[in-house]
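Everything below belongs to upload.cif, which stores mmCIF, C-alpha atoms and all ligand atoms.
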```cif
data_my_file
#
loop_
_atom_site.label_atom_id
_atom_site.label_comp_id
_atom_site.auth_asym_id
_atom_site.auth_seq_id
_atom_site.Cartn_x
_atom_site.Cartn_y
_atom_site.Cartn_z
CA MET P 1 20.59 -6.39 1.59
CA GLN P 2 19.00 -3.38 3.33
CA GLU P 3 15.21 -3.46 3.31
CA HIS P 4 12.94 -0.41 3.32
CA VAL P 5 9.17 0.06 3.31
CA ILE P 6 7.20 3.11 2.23
CA ILE P 7 3.79 3.04 3.91
CA VAL P 8 1.58 5.43 1.95
CA ALA P 9 -1.21 7.13 3.88
CA GLY P 10 -1.31 10.42 2.02
CA GLY P 11 -4.76 10.05 0.46
CA SER P 12 -7.99 11.87 1.25
CA GLY P 13 -10.18 8.79 1.77
CA SER P 14 -13.05 10.28 -0.24
CA ARG P 15 -14.87 6.93 -0.65
CA MET P 16 -14.94 6.36 3.11
CA LYS P 17 -16.86 9.63 3.67
CA SER P 18 -15.72 9.75 7.31
CA ASP P 19 -15.12 12.82 9.49
CA ILE P 20 -11.52 11.84 10.17
CA PRO P 21 -9.17 10.43 7.50
CA LYS P 22 -9.61 6.65 7.17
CA GLN P 23 -5.98 5.90 8.12
CA PHE P 24 -6.82 7.25 11.60
CA LEU P 25 -10.18 5.52 12.11
CA PRO P 26 -10.13 3.33 15.22
CA ILE P 27 -10.43 -0.46 15.08
CA HIS P 28 -10.80 -1.83 18.61
CA GLY P 29 -9.80 1.70 19.66
CA ILE P 30 -6.48 1.68 17.77
CA PRO P 31 -5.97 3.80 14.60
CA VAL P 32 -5.69 1.78 11.36
CA LEU P 33 -2.23 3.15 10.54
CA MET P 34 -0.78 1.93 13.87
CA TYR P 35 -1.68 -1.67 13.00
CA THR P 36 0.02 -1.30 9.63
CA ILE P 37 3.23 0.19 11.02
CA ARG P 38 3.36 -2.48 13.76
CA ALA P 39 2.95 -5.28 11.21
CA PHE P 40 6.11 -4.15 9.40
CA ARG P 41 8.05 -3.52 12.62
CA ASN P 42 7.10 -7.02 13.81
CA TYR P 43 8.52 -8.38 10.56
CA SER P 44 11.94 -6.83 11.24
CA ALA P 45 13.54 -4.54 13.81
CA GLN P 46 16.09 -3.52 11.12
CA LEU P 47 13.53 -2.48 8.51
CA ASN P 48 13.72 1.21 7.52
CA ILE P 49 10.10 2.38 7.73
CA ILE P 50 8.94 5.53 5.95
CA VAL P 51 5.39 6.73 6.57
CA VAL P 52 3.78 9.18 4.14
CA LEU P 53 0.99 11.46 5.41
CA PRO P 54 -0.51 14.76 4.21
CA LYS P 55 1.42 17.59 5.86
CA ASN P 56 -1.75 19.00 7.45
CA GLN P 57 -2.28 15.69 9.30
CA PHE P 58 1.16 15.56 10.99
CA ASP P 59 -0.05 17.28 14.19
CA PHE P 60 -3.19 15.17 14.49
CA TRP P 61 -1.14 11.98 13.99
CA GLN P 62 1.32 13.11 16.67
CA GLU P 63 -1.59 13.69 19.06
CA LEU P 64 -2.88 10.17 18.38
CA CYS P 65 0.62 8.72 18.95
CA ASP P 66 1.02 10.64 22.24
CA ARG P 67 -2.43 9.55 23.41
CA ARG P 68 -1.70 5.89 22.68
CA GLN P 69 2.00 6.03 23.61
CA PHE P 70 2.81 4.73 20.15
CA SER P 71 6.60 4.78 19.95
CA GLU P 72 7.59 2.73 16.88
CA THR P 73 10.49 4.29 14.95
CA TYR P 74 9.97 5.54 11.39
CA GLN P 75 10.57 8.58 9.19
CA LEU P 76 7.55 10.80 8.50
CA VAL P 77 7.28 12.28 4.99
CA GLU P 78 4.83 14.68 3.36
CA GLY P 79 2.32 13.19 0.87
CA GLY P 80 1.81 14.24 -2.73
CA GLU P 81 -1.08 14.98 -5.08
CA THR P 82 -1.57 11.33 -6.13
CA ARG P 83 -0.41 7.97 -4.79
CA PHE P 84 2.44 8.08 -7.33
CA HIS P 85 3.66 11.41 -5.94
CA SER P 86 3.37 10.18 -2.34
CA VAL P 87 5.48 7.11 -3.16
CA LYS P 88 8.00 9.33 -4.95
CA ASN P 89 8.30 11.59 -1.89
CA GLY P 90 8.91 8.51 0.25
CA LEU P 91 11.51 7.19 -2.16
CA GLN P 92 13.49 10.44 -1.90
CA GLN P 93 14.05 9.69 1.79
CA VAL P 94 15.83 6.39 1.00
CA ALA P 95 19.57 7.00 0.80
CA ASP P 96 20.46 3.47 -0.36
CA ASN P 97 20.57 2.40 -4.04
CA ASP P 98 21.31 -1.32 -3.75
CA GLY P 99 18.60 -2.48 -1.41
CA LEU P 100 14.95 -3.44 -1.73
CA VAL P 101 11.92 -1.27 -1.13
CA ALA P 102 8.38 -2.42 -0.40
CA VAL P 103 5.45 -0.07 -0.89
CA HIS P 104 2.36 -0.77 1.18
CA ASP P 105 -0.99 0.98 1.59
CA GLY P 106 -1.32 2.44 5.08
CA VAL P 107 -4.95 1.32 4.95
CA ARG P 108 -4.11 -2.38 4.54
CA PRO P 109 -3.55 -3.17 8.23
CA ILE P 110 -4.14 -6.93 8.01
CA ILE P 111 -0.83 -7.91 6.48
CA SER P 112 0.98 -11.00 7.69
CA LYS P 113 4.67 -11.37 8.52
CA ASP P 114 4.86 -14.30 6.08
CA ILE P 115 3.61 -12.27 3.12
CA ILE P 116 5.98 -9.39 3.92
CA ALA P 117 8.90 -11.85 4.16
CA GLU P 118 7.94 -13.57 0.90
CA SER P 119 7.68 -10.24 -0.93
CA PHE P 120 11.23 -9.26 0.06
CA LEU P 121 12.53 -12.76 -0.74
CA LYS P 122 10.99 -12.83 -4.22
CA ALA P 123 11.96 -9.22 -4.94
CA ALA P 124 15.57 -10.18 -4.20
CA GLU P 125 15.23 -13.02 -6.71
CA PHE P 126 13.11 -11.42 -9.47
CA GLY P 127 13.52 -7.65 -8.93
CA ALA P 128 9.78 -7.02 -8.62
CA ALA P 129 7.36 -8.98 -6.39
CA VAL P 130 3.69 -8.03 -6.22
CA VAL P 131 1.07 -9.62 -3.99
CA SER P 132 -2.11 -10.87 -5.68
CA VAL P 133 -5.10 -13.18 -5.27
CA PRO P 134 -7.27 -15.06 -7.79
CA LEU P 135 -10.84 -13.87 -8.41
CA LYS P 136 -13.57 -15.69 -6.51
CA ASP P 137 -16.46 -14.19 -8.48
CA SER P 138 -17.23 -14.38 -12.18
CA ILE P 139 -16.14 -11.42 -14.26
CA ARG P 140 -17.83 -9.60 -17.18
CA GLN P 141 -16.59 -6.74 -19.32
CA VAL P 142 -19.09 -3.95 -19.86
CA GLY P 143 -19.32 -2.15 -23.18
CA GLU P 144 -21.38 0.56 -24.80
CA ASN P 145 -25.19 0.43 -25.16
CA ASP P 146 -25.68 -1.79 -22.09
CA THR P 147 -23.68 -4.67 -23.58
CA ASN P 148 -21.43 -6.98 -21.58
CA ASN P 149 -19.58 -10.24 -22.10
CA ALA P 150 -18.07 -12.95 -19.94
CA LEU P 151 -14.30 -13.16 -19.51
CA ASN P 152 -12.17 -16.05 -18.26
CA ARG P 153 -11.47 -15.24 -14.61
CA GLU P 154 -8.48 -17.61 -14.57
CA THR P 155 -6.59 -15.01 -16.61
CA PHE P 156 -7.01 -12.24 -13.99
CA ARG P 157 -5.62 -11.46 -10.54
CA LEU P 158 -6.61 -8.88 -7.95
CA ILE P 159 -3.57 -6.86 -6.98
CA GLN P 160 -2.70 -5.99 -3.40
CA THR P 161 0.27 -4.55 -1.54
CA PRO P 162 3.07 -4.91 -0.50
CA GLN P 163 4.69 -4.42 -3.87
CA THR P 164 8.43 -4.85 -3.46
CA PHE P 165 11.20 -3.89 -5.86
CA ARG P 166 14.93 -3.44 -6.37
CA LEU P 167 15.65 0.16 -5.40
CA ASP P 168 17.48 0.96 -8.64
CA TRP P 169 14.44 -0.23 -10.68
CA MET P 170 12.13 1.89 -8.50
CA ARG P 171 14.23 5.03 -8.87
CA GLN P 172 14.55 4.67 -12.63
CA SER P 173 10.79 4.04 -13.08
CA PHE P 174 9.62 6.85 -10.79
CA SER P 175 11.98 9.34 -12.42
CA ALA P 176 10.31 8.64 -15.80
CA GLY P 177 7.27 10.73 -14.80
CA TYR P 178 3.60 10.38 -13.91
CA GLN P 179 0.86 8.88 -16.07
CA PRO P 180 -2.82 9.04 -15.02
CA THR P 181 -3.14 5.28 -15.68
CA PHE P 182 -0.83 4.48 -12.75
CA THR P 183 -2.93 2.96 -9.96
CA ASP P 184 -0.07 1.20 -8.19
CA CYS P 185 3.72 0.82 -8.29
CA ALA P 186 3.56 -2.30 -10.47
CA SER P 187 2.03 -0.23 -13.29
CA VAL P 188 4.83 2.34 -12.92
CA LEU P 189 7.59 -0.27 -13.18
CA GLU P 190 5.82 -2.07 -16.01
CA ALA P 191 5.71 1.19 -18.00
CA SER P 192 9.51 1.29 -17.71
CA GLY P 193 9.77 -2.24 -19.12
CA TYR P 194 10.31 -4.27 -15.94
CA ALA P 195 8.61 -7.67 -15.60
CA ILE P 196 6.39 -8.09 -12.53
CA HIS P 197 6.56 -11.34 -10.57
CA LEU P 198 3.26 -12.12 -8.83
CA ILE P 199 3.23 -13.80 -5.44
CA GLU P 200 0.33 -15.15 -3.41
CA GLY P 201 -1.54 -12.67 -1.22
CA SER P 202 -4.43 -13.15 1.18
CA TYR P 203 -8.15 -12.44 1.03
CA GLU P 204 -7.81 -10.95 4.51
CA ASN P 205 -5.36 -8.33 3.23
CA ILE P 206 -8.19 -5.91 2.45
CA LYS P 207 -7.77 -2.25 1.62
CA ILE P 208 -10.01 -0.17 3.86
CA THR P 209 -11.82 1.85 1.24
CA THR P 210 -15.55 2.02 2.06
CA PRO P 211 -17.40 1.78 5.43
CA GLU P 212 -18.17 -1.98 5.28
CA ASP P 213 -14.41 -2.72 5.06
CA LEU P 214 -14.06 -1.44 8.63
CA ARG P 215 -16.40 -4.15 9.90
CA TRP P 216 -14.27 -6.87 8.24
CA ALA P 217 -11.12 -5.31 9.67
CA GLU P 218 -12.66 -5.50 13.14
CA VAL P 219 -13.21 -9.22 12.66
CA TYR P 220 -9.73 -9.95 11.29
CA LEU P 221 -7.66 -7.74 13.59
CA LYS P 222 -6.94 -8.66 17.17
CA PRO P 223 -6.88 -5.73 19.63
N1 LIG P 301 -2.20 11.24 -2.85
C1 LIG P 301 -2.28 10.02 -2.30
C2 LIG P 301 -3.36 9.15 -2.57
C3 LIG P 301 -3.40 7.91 -1.94
N2 LIG P 301 -2.42 7.56 -1.08
C4 LIG P 301 -2.50 6.30 -0.35
O1 LIG P 301 -2.63 5.19 -1.22
C5 LIG P 301 -3.37 4.16 -0.56
C6 LIG P 301 -4.42 3.57 -1.46
O2 LIG P 301 -5.28 4.61 -1.90
P1 LIG P 301 -6.85 4.73 -1.62
O3 LIG P 301 -7.42 3.63 -0.88
O4 LIG P 301 -7.47 5.13 -2.90
O5 LIG P 301 -6.84 5.95 -0.59
P2 LIG P 301 -7.44 7.38 -0.73
O6 LIG P 301 -6.89 8.06 -1.94
O7 LIG P 301 -7.20 8.00 0.58
O8 LIG P 301 -9.01 7.06 -0.88
P3 LIG P 301 -10.06 7.57 -1.97
O9 LIG P 301 -9.56 7.10 -3.30
O10 LIG P 301 -11.34 6.94 -1.54
O11 LIG P 301 -10.10 9.07 -1.88
C7 LIG P 301 -3.94 4.75 0.72
O12 LIG P 301 -3.23 4.22 1.84
C8 LIG P 301 -3.75 6.22 0.53
O13 LIG P 301 -3.55 6.95 1.74
C9 LIG P 301 -1.34 8.42 -0.83
O14 LIG P 301 -0.45 8.09 -0.06
N3 LIG P 301 -1.30 9.64 -1.45
C1 LIG P 302 -2.24 -0.14 -4.81
C2 LIG P 302 -3.58 -0.81 -4.75
O1 LIG P 302 -4.00 -0.96 -3.41
C3 LIG P 302 -3.46 -2.20 -5.34
O2 LIG P 302 -4.70 -2.81 -5.33
C4 LIG P 302 -4.62 -0.03 -5.51
O3 LIG P 302 -4.29 0.01 -6.86
C5 LIG P 302 -4.88 1.35 -4.97
O4 LIG P 302 -5.89 1.91 -5.74
P1 LIG P 302 -6.72 3.16 -5.28
O5 LIG P 302 -7.42 3.65 -6.52
O6 LIG P 302 -5.71 4.15 -4.77
O7 LIG P 302 -7.68 2.68 -4.28
#
```
Write the structure described by the file as C-alpha cells, please.
Ligand SMILES: Nc1ccn([C@@H]2O[C@H](COP(=O)(O)OP(=O)(O)OP(=O)(O)O)[C@@H](O)[C@H]2O)c(=O)n1
Ligand SMILES: C[C@](O)(CO)[C@H](O)COP(=O)(O)O
Amino acid sequence: MQEHVIIVAGGSGSRMKSDIPKQFLPIHGIPVLMYTIRAFRNYSAQLNIIVVLPKNQFDFWQELCDRRQFSETYQLVEGGETRFHSVKNGLQQVADNDGLVAVHDGVRPIISKDIIAESFLKAAEFGAAVVSVPLKDSIRQVGENDTNNALNRETFRLIQTPQTFRLDWMRQSFSAGYQPTFTDCASVLEASGYAIHLIEGSYENIKITTPEDLRWAEVYLKP
C-alpha cells in the first residue's frame, strides 16, 4: 500500500515569540524542519513526503536548504489559515485514494523510525492510528469561581503525531468542513464517525512550542 506523509509547518509559532519561525530555528545548527523531514525519509525511501509551509516562507526555506545542501525529495505546498486548512492543502496533493497518509507536526523533530512504522502498520489494520502517551502528572479540572476537582488520570492520554489514516477516511472527513474545535486530525475523523486507535508514543516526541522546548530538543537530538 502506498504511504504518504503530510508534514505541517504552516503555523506562525506565536507562542515561541522568536524572530524566525520556529520550524526554522537551529538545533545544533540544523533547522528543526530538516530533522523532521529526515526522520521520515530515513523510515522509507519510497514514502511520498509533502511539506506544508506558509507561501511567504518558501524563499527563506530554499535559502536554508541551499546553505545546508539539504537535498531530500518532497513536494512543497502552501499552508492555510489553520492547521486543518494546511492539512487539507497537503491532502489535495495526494493523487492516491487507496493508500495511507500520516500527518505529522513539522515541529516534532524527535520522532523515531519505530513509531512511524507502527503508525502505518496499525493504520493499515484499524484505519486510524494516533500516537499517545499516558499522563505522568496528576490532573484537575478547573471550574468557575476558582473551583477545581481531581480527575482520574488513567482515563486520559496526551495526543501526539504522527496520526495516520486510510486515505479515503481522510478525504471524506476533511471534505465535511472545518470546526473550531479541531485541534488535530483525530478530532476531524472522529467528527465524521471514525473510531481512533491509539498507539504508544514517546515522551521524547515533544512539540516545539515554547522556548524551553528547544533546550530539550538539543538534548534529545544528535547533530
Ligand atoms: N495554519 C497552520 C497552523 C499550524 N500548523 C502546524 O501545525 C503544527 C502544530 O501547531 P502549533 O505548534 O500550534 O504551531 P503554530 O501554530 O505555529 O504555533 P502557535 O500556536 O504557537 O502560534 C505546527 O507544525 C504548525 O506549523 C500549520 O501547518 N498551519
Ligand atoms: C496535533 C497536536 O500536536 C497533537 O497534540 C496538537 O493538537 C497541535 O495543537 P496546537 O494547538 O496546534 O499546538
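Across the structure, atom CA of Gly177 of chain P and atom CA of Met1 of chain P are spaced 27.2 Å apart.
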Please return as an NGL selection string the residues found within 6 Å of ligand LIG 302 (chain P), counting all atoms listed in the file. :P and (159-161 or 183-184)
Just the number, please: distance in Å from atom CA of Leu189 of chain P to atom CA of Ile50 of chain P, one decimal.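 According to the coordinates, atom CA of Leu189 of chain P and atom CA of Ile50 of chain P are separated by 20.0 Å.
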Counting all atoms listed in the file, the option among P:Gly106, P:Gly13, P:Gly127, P:Gly99 closest to Val51 of chain P: P:Gly106
What do you get as a ChimeraX atom specification if you pick all residues at most 8 Å from ligand LIG 301 (chain P), counting only C-alpha atoms and all ligand atoms? /P:7-16,21-23,52-54,79-87,104-108,207-210
Can you tell me which residues surround segment 195-204 of chain P at a distance of at most 6 Å, considering all atoms listed in the file, apart from same-chain residues fewer than 4 positions away, and format the answer as a list in words?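 Answer for this query is Ala128, Ala129, Val130, Val131, Ser132 and Val133 of chain P.
The space separating atom CA of Ile139 of chain P from atom CA of Thr155 of chain P comes to 10.5 Å.
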Between P:Asn48, P:Ser71, P:Ser192, P:Gln62, which has the minimum distance to Ser173 of chain P (counting only C-alpha atoms)?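 Going through P:Asn48, P:Ser71, P:Ser192, P:Gln62 one by one, the smallest distance to Ser173 of chain P is for P:Ser192.
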Tell me which of P:Ala176, P:Ile20, P:Leu33, P:Ala39 sits closest to Ile115 of chain P, counting only C-alpha atoms.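 Distance minimum relative to Ile115 of chain P lands on P:Ala39.
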Selected residue, from P:Gln141, P:Asn205, P:Gln172, P:Gln46, that lies nearest to Asn97 of chain P when counting all atoms listed in the file: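 Checking each of P:Gln141, P:Asn205, P:Gln172, P:Gln46 against Asn97 of chain P, counting all atoms listed in the file, the winner is P:Gln172.
Distances here use all atoms listed in the file; by that measure, the residue among P:Leu158, P:Ile37, P:Gly193, P:Leu76 closest to Asp59 of chain P is P:Leu76.
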